[in-house]
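start_21.pdb follows; it contains PDB, C-alpha atoms.
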ATOM      1  CA  MET A 804     -16.516 -24.482 -56.753  1.00  0.00           C
ATOM      2  CA  ALA A 805     -17.209 -22.227 -53.774  1.00  0.00           C
ATOM      3  CA  LYS A 806     -19.974 -23.295 -51.458  1.00  0.00           C
ATOM      4  CA  GLY A 807     -22.849 -20.932 -50.726  1.00  0.00           C
ATOM      5  CA  HIS A 808     -24.203 -17.818 -52.324  1.00  0.00           C
ATOM      6  CA  ARG A 809     -21.936 -14.831 -52.993  1.00  0.00           C
ATOM      7  CA  SER A 810     -23.569 -12.784 -50.217  1.00  0.00           C
ATOM      8  CA  GLN A 811     -23.043 -15.660 -47.770  1.00  0.00           C
ATOM      9  CA  ILE A 812     -19.368 -15.907 -48.711  1.00  0.00           C
ATOM     10  CA  LYS A 813     -18.957 -12.147 -48.219  1.00  0.00           C
ATOM     11  CA  ARG A 814     -20.723 -12.329 -44.856  1.00  0.00           C
ATOM     12  CA  GLU A 815     -18.364 -15.068 -43.677  1.00  0.00           C
ATOM     13  CA  ARG A 816     -15.327 -13.124 -44.908  1.00  0.00           C
ATOM     14  CA  ASN A 817     -16.476  -9.982 -43.054  1.00  0.00           C
ATOM     15  CA  ALA A 818     -17.074 -11.978 -39.874  1.00  0.00           C
ATOM     16  CA  GLN A 819     -13.383 -12.930 -39.823  1.00  0.00           C
ATOM     17  CA  LYS A 820     -12.311  -9.308 -40.306  1.00  0.00           C
ATOM     18  CA  ASP A 821     -10.131  -7.647 -37.666  1.00  0.00           C
ATOM     19  CA  THR A 822     -12.227  -5.068 -35.775  1.00  0.00           C
ATOM     20  CA  ARG A 823      -9.342  -3.369 -33.980  1.00  0.00           C
ATOM     21  CA  PRO A 824      -8.859   0.311 -34.882  1.00  0.00           C
ATOM     22  CA  SER A 825      -5.984   0.950 -37.247  1.00  0.00           C
ATOM     23  CA  ALA A 826      -4.474   3.430 -39.664  1.00  0.00           C
ATOM     24  CA  LYS A 827      -2.373   2.767 -42.746  1.00  0.00           C
ATOM     25  CA  LEU A 828      -0.109   5.076 -44.709  1.00  0.00           C
ATOM     26  CA  SER A 829       0.760   3.913 -48.196  1.00  0.00           C
ATOM     27  CA  TYR A 830       3.682   5.139 -50.268  1.00  0.00           C
ATOM     28  CA  ALA A 831       5.499   6.894 -47.420  1.00  0.00           C
ATOM     29  CA  ARG A 832       8.774   8.333 -48.737  1.00  0.00           C
ATOM     30  CA  VAL A 833      10.921   6.631 -46.117  1.00  0.00           C
ATOM     31  CA  SER A 834      12.652   3.266 -46.371  1.00  0.00           C
ATOM     32  CA  VAL A 835      11.397   0.269 -44.399  1.00  0.00           C
ATOM     33  CA  GLN A 836      14.608   0.027 -42.384  1.00  0.00           C
ATOM     34  CA  LYS A 837      14.423   3.653 -41.248  1.00  0.00           C
ATOM     35  CA  ALA A 838      10.718   3.385 -40.377  1.00  0.00           C
ATOM     36  CA  CYS A 839      11.309   0.204 -38.369  1.00  0.00           C
ATOM     37  CA  PHE A 840      13.798   1.961 -36.070  1.00  0.00           C
ATOM     38  CA  VAL A 841      10.977   4.231 -34.916  1.00  0.00           C
ATOM     39  CA  LEU A 842       8.281   1.541 -34.910  1.00  0.00           C
ATOM     40  CA  ASP A 843      10.393  -0.729 -32.693  1.00  0.00           C
ATOM     41  CA  ALA A 844      10.623   2.070 -30.109  1.00  0.00           C
ATOM     42  CA  ILE A 845       6.826   2.407 -29.724  1.00  0.00           C
ATOM     43  CA  ARG A 846       5.605  -1.182 -30.207  1.00  0.00           C
ATOM     44  CA  GLY A 847       3.541  -2.391 -27.215  1.00  0.00           C
ATOM     45  CA  LYS A 848       3.478   1.011 -25.463  1.00  0.00           C
ATOM     46  CA  ASP A 849       0.341   2.917 -24.514  1.00  0.00           C
ATOM     47  CA  VAL A 850      -0.566   5.735 -26.890  1.00  0.00           C
ATOM     48  CA  GLN A 851       0.352   8.636 -24.575  1.00  0.00           C
ATOM     49  CA  THR A 852       3.860   7.247 -24.038  1.00  0.00           C
ATOM     50  CA  ALA A 853       4.222   6.525 -27.749  1.00  0.00           C
ATOM     51  CA  LEU A 854       3.212  10.078 -28.685  1.00  0.00           C
ATOM     52  CA  GLY A 855       5.815  11.408 -26.245  1.00  0.00           C
ATOM     53  CA  ILE A 856       8.517   9.194 -27.757  1.00  0.00           C
ATOM     54  CA  LEU A 857       7.580  10.259 -31.288  1.00  0.00           C
ATOM     55  CA  GLU A 858       7.499  13.948 -30.343  1.00  0.00           C
ATOM     56  CA  TYR A 859      11.149  14.002 -29.240  1.00  0.00           C
ATOM     57  CA  ASN A 860      12.582  11.426 -31.621  1.00  0.00           C
ATOM     58  CA  PRO A 861      14.888  13.241 -34.091  1.00  0.00           C
ATOM     59  CA  ARG A 862      14.276  10.851 -37.004  1.00  0.00           C
ATOM     60  CA  TYR A 863      12.230  11.982 -40.014  1.00  0.00           C
ATOM     61  CA  ALA A 864      10.040   8.855 -39.867  1.00  0.00           C
ATOM     62  CA  SER A 865       8.840   9.770 -36.368  1.00  0.00           C
ATOM     63  CA  SER A 866       6.905  12.801 -37.660  1.00  0.00           C
ATOM     64  CA  ILE A 867       5.129  10.618 -40.228  1.00  0.00           C
ATOM     65  CA  ILE A 868       4.354   7.881 -37.696  1.00  0.00           C
ATOM     66  CA  LYS A 869       3.122  10.428 -35.136  1.00  0.00           C
ATOM     67  CA  LYS A 870       0.485  11.663 -37.607  1.00  0.00           C
ATOM     68  CA  LEU A 871      -0.455   8.064 -38.371  1.00  0.00           C
ATOM     69  CA  LEU A 872      -0.821   7.224 -34.664  1.00  0.00           C
ATOM     70  CA  GLN A 873      -3.029  10.272 -34.097  1.00  0.00           C
ATOM     71  CA  SER A 874      -5.208   9.127 -36.994  1.00  0.00           C
ATOM     72  CA  ALA A 875      -5.505   5.637 -35.483  1.00  0.00           C
ATOM     73  CA  ILE A 876      -6.484   7.150 -32.111  1.00  0.00           C
ATOM     74  CA  ALA A 877      -9.173   9.262 -33.819  1.00  0.00           C
ATOM     75  CA  ASN A 878     -10.446   6.154 -35.626  1.00  0.00           C
ATOM     76  CA  ALA A 879     -10.681   4.308 -32.304  1.00  0.00           C
ATOM     77  CA  GLU A 880     -12.613   7.128 -30.630  1.00  0.00           C
ATOM     78  CA  ASN A 881     -14.983   7.978 -33.490  1.00  0.00           C
ATOM     79  CA  ASN A 882     -15.590   4.626 -35.192  1.00  0.00           C
ATOM     80  CA  ASN A 883     -15.249   2.157 -32.304  1.00  0.00           C
ATOM     81  CA  GLY A 884     -16.211   4.394 -29.336  1.00  0.00           C
ATOM     82  CA  MET A 885     -13.055   3.503 -27.382  1.00  0.00           C
ATOM     83  CA  ASN A 886     -11.435   5.598 -24.679  1.00  0.00           C
ATOM     84  CA  ALA A 887      -8.029   7.043 -25.653  1.00  0.00           C
ATOM     85  CA  GLU A 888      -6.542   6.450 -22.171  1.00  0.00           C
ATOM     86  CA  ASN A 889      -7.004   2.660 -22.451  1.00  0.00           C
ATOM     87  CA  LEU A 890      -5.423   2.265 -25.896  1.00  0.00           C
ATOM     88  CA  TYR A 891      -2.044   0.715 -26.635  1.00  0.00           C
ATOM     89  CA  ILE A 892      -0.171  -0.162 -29.812  1.00  0.00           C
ATOM     90  CA  ALA A 893      -0.903  -3.817 -30.491  1.00  0.00           C
ATOM     91  CA  GLU A 894       0.861  -3.991 -33.867  1.00  0.00           C
ATOM     92  CA  CYS A 895       2.949  -1.651 -35.949  1.00  0.00           C
ATOM     93  CA  TYR A 896       4.914  -2.628 -39.001  1.00  0.00           C
ATOM     94  CA  ALA A 897       6.295  -1.295 -42.270  1.00  0.00           C
ATOM     95  CA  ASN A 898       6.071  -3.201 -45.538  1.00  0.00           C
ATOM     96  CA  LYS A 899       8.126  -2.565 -48.649  1.00  0.00           C
ATOM     97  CA  GLY A 900       6.578  -0.289 -51.254  1.00  0.00           C
ATOM     98  CA  PRO A 901       7.665   0.534 -54.789  1.00  0.00           C
ATOM     99  CA  THR A 902      11.103   1.980 -55.468  1.00  0.00           C
ATOM    100  CA  MET A 903      11.668   5.098 -57.562  1.00  0.00           C
ATOM    101  CA  LYS A 904      14.756   4.706 -59.701  1.00  0.00           C
ATOM    102  CA  ARG A 905      16.821   7.762 -60.511  1.00  0.00           C
ATOM    103  CA  VAL A 906      20.126   8.217 -62.345  1.00  0.00           C
ATOM    104  CA  ARG A 907      23.120  10.075 -60.935  1.00  0.00           C
ATOM    105  CA  PRO A 908      25.811  11.208 -63.392  1.00  0.00           C
ATOM    106  CA  ARG A 909      29.334  10.108 -62.437  1.00  0.00           C
ATOM    107  CA  ALA A 910      32.820  10.544 -63.814  1.00  0.00           C
ATOM    108  CA  GLN A 911      33.791   9.545 -67.356  1.00  0.00           C
ATOM    109  CA  GLY A 912      30.234   9.373 -68.652  1.00  0.00           C
ATOM    110  CA  ARG A 913      29.043   6.689 -66.251  1.00  0.00           C
ATOM    111  CA  ALA A 914      25.671   6.717 -64.550  1.00  0.00           C
ATOM    112  CA  TYR A 915      24.901   5.302 -61.122  1.00  0.00           C
ATOM    113  CA  ARG A 916      21.409   4.271 -60.123  1.00  0.00           C
ATOM    114  CA  ILE A 917      19.858   5.867 -57.043  1.00  0.00           C
ATOM    115  CA  GLU A 918      16.944   4.022 -55.472  1.00  0.00           C
ATOM    116  CA  LYS A 919      14.435   6.089 -53.534  1.00  0.00           C
ATOM    117  CA  ARG A 920      12.544   3.568 -51.466  1.00  0.00           C
ATOM    118  CA  MET A 921       8.971   3.782 -50.214  1.00  0.00           C
ATOM    119  CA  SER A 922       7.094   1.894 -47.527  1.00  0.00           C
ATOM    120  CA  HIS A 923       3.562   1.126 -46.402  1.00  0.00           C
ATOM    121  CA  ILE A 924       3.273   1.769 -42.646  1.00  0.00           C
ATOM    122  CA  THR A 925       0.461   0.269 -40.524  1.00  0.00           C
ATOM    123  CA  VAL A 926      -0.452   0.966 -36.892  1.00  0.00           C
ATOM    124  CA  VAL A 927      -3.030  -1.228 -35.104  1.00  0.00           C
ATOM    125  CA  LEU A 928      -4.361  -0.261 -31.675  1.00  0.00           C
ATOM    126  CA  ASP A 929      -6.162  -2.275 -29.015  1.00  0.00           C
ATOM    127  CA  GLU A 930      -7.784  -1.643 -25.637  1.00  0.00           C
ATOM    128  CA  ARG A 931      -6.325  -2.854 -22.339  1.00  0.00           C
TER
END
The structure given in the file should be rewritten as C-alpha cells.
Amino acid sequence: MAKGHRSQIKRERNAQKDTRPSAKLSYARVSVQKACFVLDAIRGKDVQTALGILEYNPRYASSIIKKLLQSAIANAENNNGMNAENLYIAECYANKGPTMKRVRPRAQGRAYRIEKRMSHITVVLDER
C-alpha cells in the first residue's frame, strides 16, 4: 500500500523530476547506430559548436539532430529563461524504436526480410 494521499505522491514524484531543458524526437527514421555516430560528435560541447558540427556533417541524422537541438535551445530560452550562450549538451542519446518489416523479392521465389529501424532521440541541455 502506498503511503500518503494521491496528490502527495504526485507532488513528491514531480519534485524529483529533471528540470533541465530537453527535446525528444520519437520514431525518427534512422537507426540507433547511425544516430549515435552524430550524437557522439556533439556530446559535451557548447550549443554553438554543436550547431556548427551538425551543419557541416554529411550524415542524414545530423539534419534531424540539428532541428532537435534548436528545439531544445528554444525550450531553454522560453520555458526556463536561460541564456543560449551559456548552454551545453549535458546528455544526448538514442534509444531503439519499433522496426518496420518489409519483404524484398529474391531469386527462385524466395523473400528476404528488410528491417527499417527507428529510434527515439533525446537531447538534454544544461547551463555552465
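Evaluated against this file, the PyMOL selection byres ((chain A and resi 864) around 7) yields A:Val833, A:Lys837, A:Ala838, A:Val841, A:Arg862, A:Tyr863, A:Ser865, A:Ser866, A:Ile867, A:Ile868.
The spacing separating atom CA of A:Ile876 from atom CA of A:Cys839 amounts to 20.1 Å.
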Shortest interatomic distance to A:Leu871 - which of A:Ala818, A:Val906, A:Leu928, A:Leu828, counting only C-alpha atoms: A:Leu828
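Evaluated against this file, the PyMOL selection byres ((chain A and resi 916) around 10) yields Lys904, Arg905, Val906, Arg907, Pro908, Ala914, Tyr915, Ile917, Glu918 and Lys919 of chain A.
With distances taken from (4.0, 3.5, -49.4) and restricted to all atoms listed in the file, the residues inside 9 Å are Leu828, Ser829, Tyr830, Ala831, Arg832, Val833, Ala897, Asn898, Lys899, Gly900, Pro901, Arg920, Met921, Ser922, His923 and Ile924 of chain A.
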Rounded to one decimal in Å, what is the spacing between atom CA of A:Gly847 and atom CA of A:Asn883? 20.0 Å
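Distances here use only C-alpha atoms; by that measure, the residue among A:Glu858, A:Glu894, A:Glu888, A:Asp843 closest to A:Lys827 is A:Glu894.
Between A:Ala893 and the residues A:Ser810, A:Leu857, A:Val926, A:Lys820, the shortest atom-to-atom distance, using all atoms listed in the file, involves A:Val926.
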Determine the residue membership of the PyMOL selection byres ((chain A and resi 931) around 9) for the file above and supply it as a tab-separated table (two decimals) with C-alpha atoms, in the frame of the given file.
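The result, written out as result-v3.tsv:
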chain	number	residue	atom	x	y	z
A	889	ASN	CA	-7.00	2.66	-22.45
A	890	LEU	CA	-5.42	2.26	-25.90
A	891	TYR	CA	-2.04	0.72	-26.64
A	929	ASP	CA	-6.16	-2.28	-29.02
A	930	GLU	CA	-7.78	-1.64	-25.64
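In this structure, atom CA of A:Gln811 sits 24.9 Å away from atom CA of A:Pro824.
Of the listed residues (A:Thr925, A:Ala910, A:Thr852, A:Asn886), A:Thr925 comes nearest to A:Ser874; the distances count all atoms listed in the file.
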Could you give me stretch 875-886 of chain A completed to N, CA and C atoms, formatted as a compact mmCIF listing (two decimals), keeping the file's coordinate frame?
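Once written, part.txt looks like this:
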# COMPACT_ATOMS: atom_id res chain seq x y z
N ALA A 875 -4.99 6.90 -36.04
CA ALA A 875 -5.50 5.64 -35.48
C ALA A 875 -6.27 5.88 -34.18
N ILE A 876 -5.79 6.81 -33.36
CA ILE A 876 -6.48 7.15 -32.11
C ILE A 876 -7.85 7.76 -32.43
N ALA A 877 -7.90 8.65 -33.42
CA ALA A 877 -9.17 9.26 -33.82
C ALA A 877 -10.13 8.21 -34.36
N ASN A 878 -9.60 7.24 -35.13
CA ASN A 878 -10.45 6.15 -35.63
C ASN A 878 -11.03 5.35 -34.48
N ALA A 879 -10.21 5.09 -33.45
CA ALA A 879 -10.68 4.31 -32.30
C ALA A 879 -11.78 5.05 -31.55
N GLU A 880 -11.62 6.36 -31.39
CA GLU A 880 -12.61 7.13 -30.63
C GLU A 880 -13.91 7.30 -31.42
N ASN A 881 -13.79 7.64 -32.71
CA ASN A 881 -14.98 7.98 -33.49
C ASN A 881 -15.70 6.75 -34.04
N ASN A 882 -14.95 5.78 -34.54
CA ASN A 882 -15.59 4.63 -35.19
C ASN A 882 -15.92 3.51 -34.21
N ASN A 883 -15.05 3.28 -33.22
CA ASN A 883 -15.25 2.16 -32.30
C ASN A 883 -15.72 2.60 -30.92
N GLY A 884 -15.75 3.90 -30.63
CA GLY A 884 -16.21 4.39 -29.34
C GLY A 884 -15.30 4.01 -28.19
N MET A 885 -14.00 3.89 -28.44
CA MET A 885 -13.06 3.50 -27.38
C MET A 885 -12.53 4.74 -26.67
N ASN A 886 -12.01 4.53 -25.47
CA ASN A 886 -11.44 5.60 -24.68
C ASN A 886 -9.94 5.68 -24.98
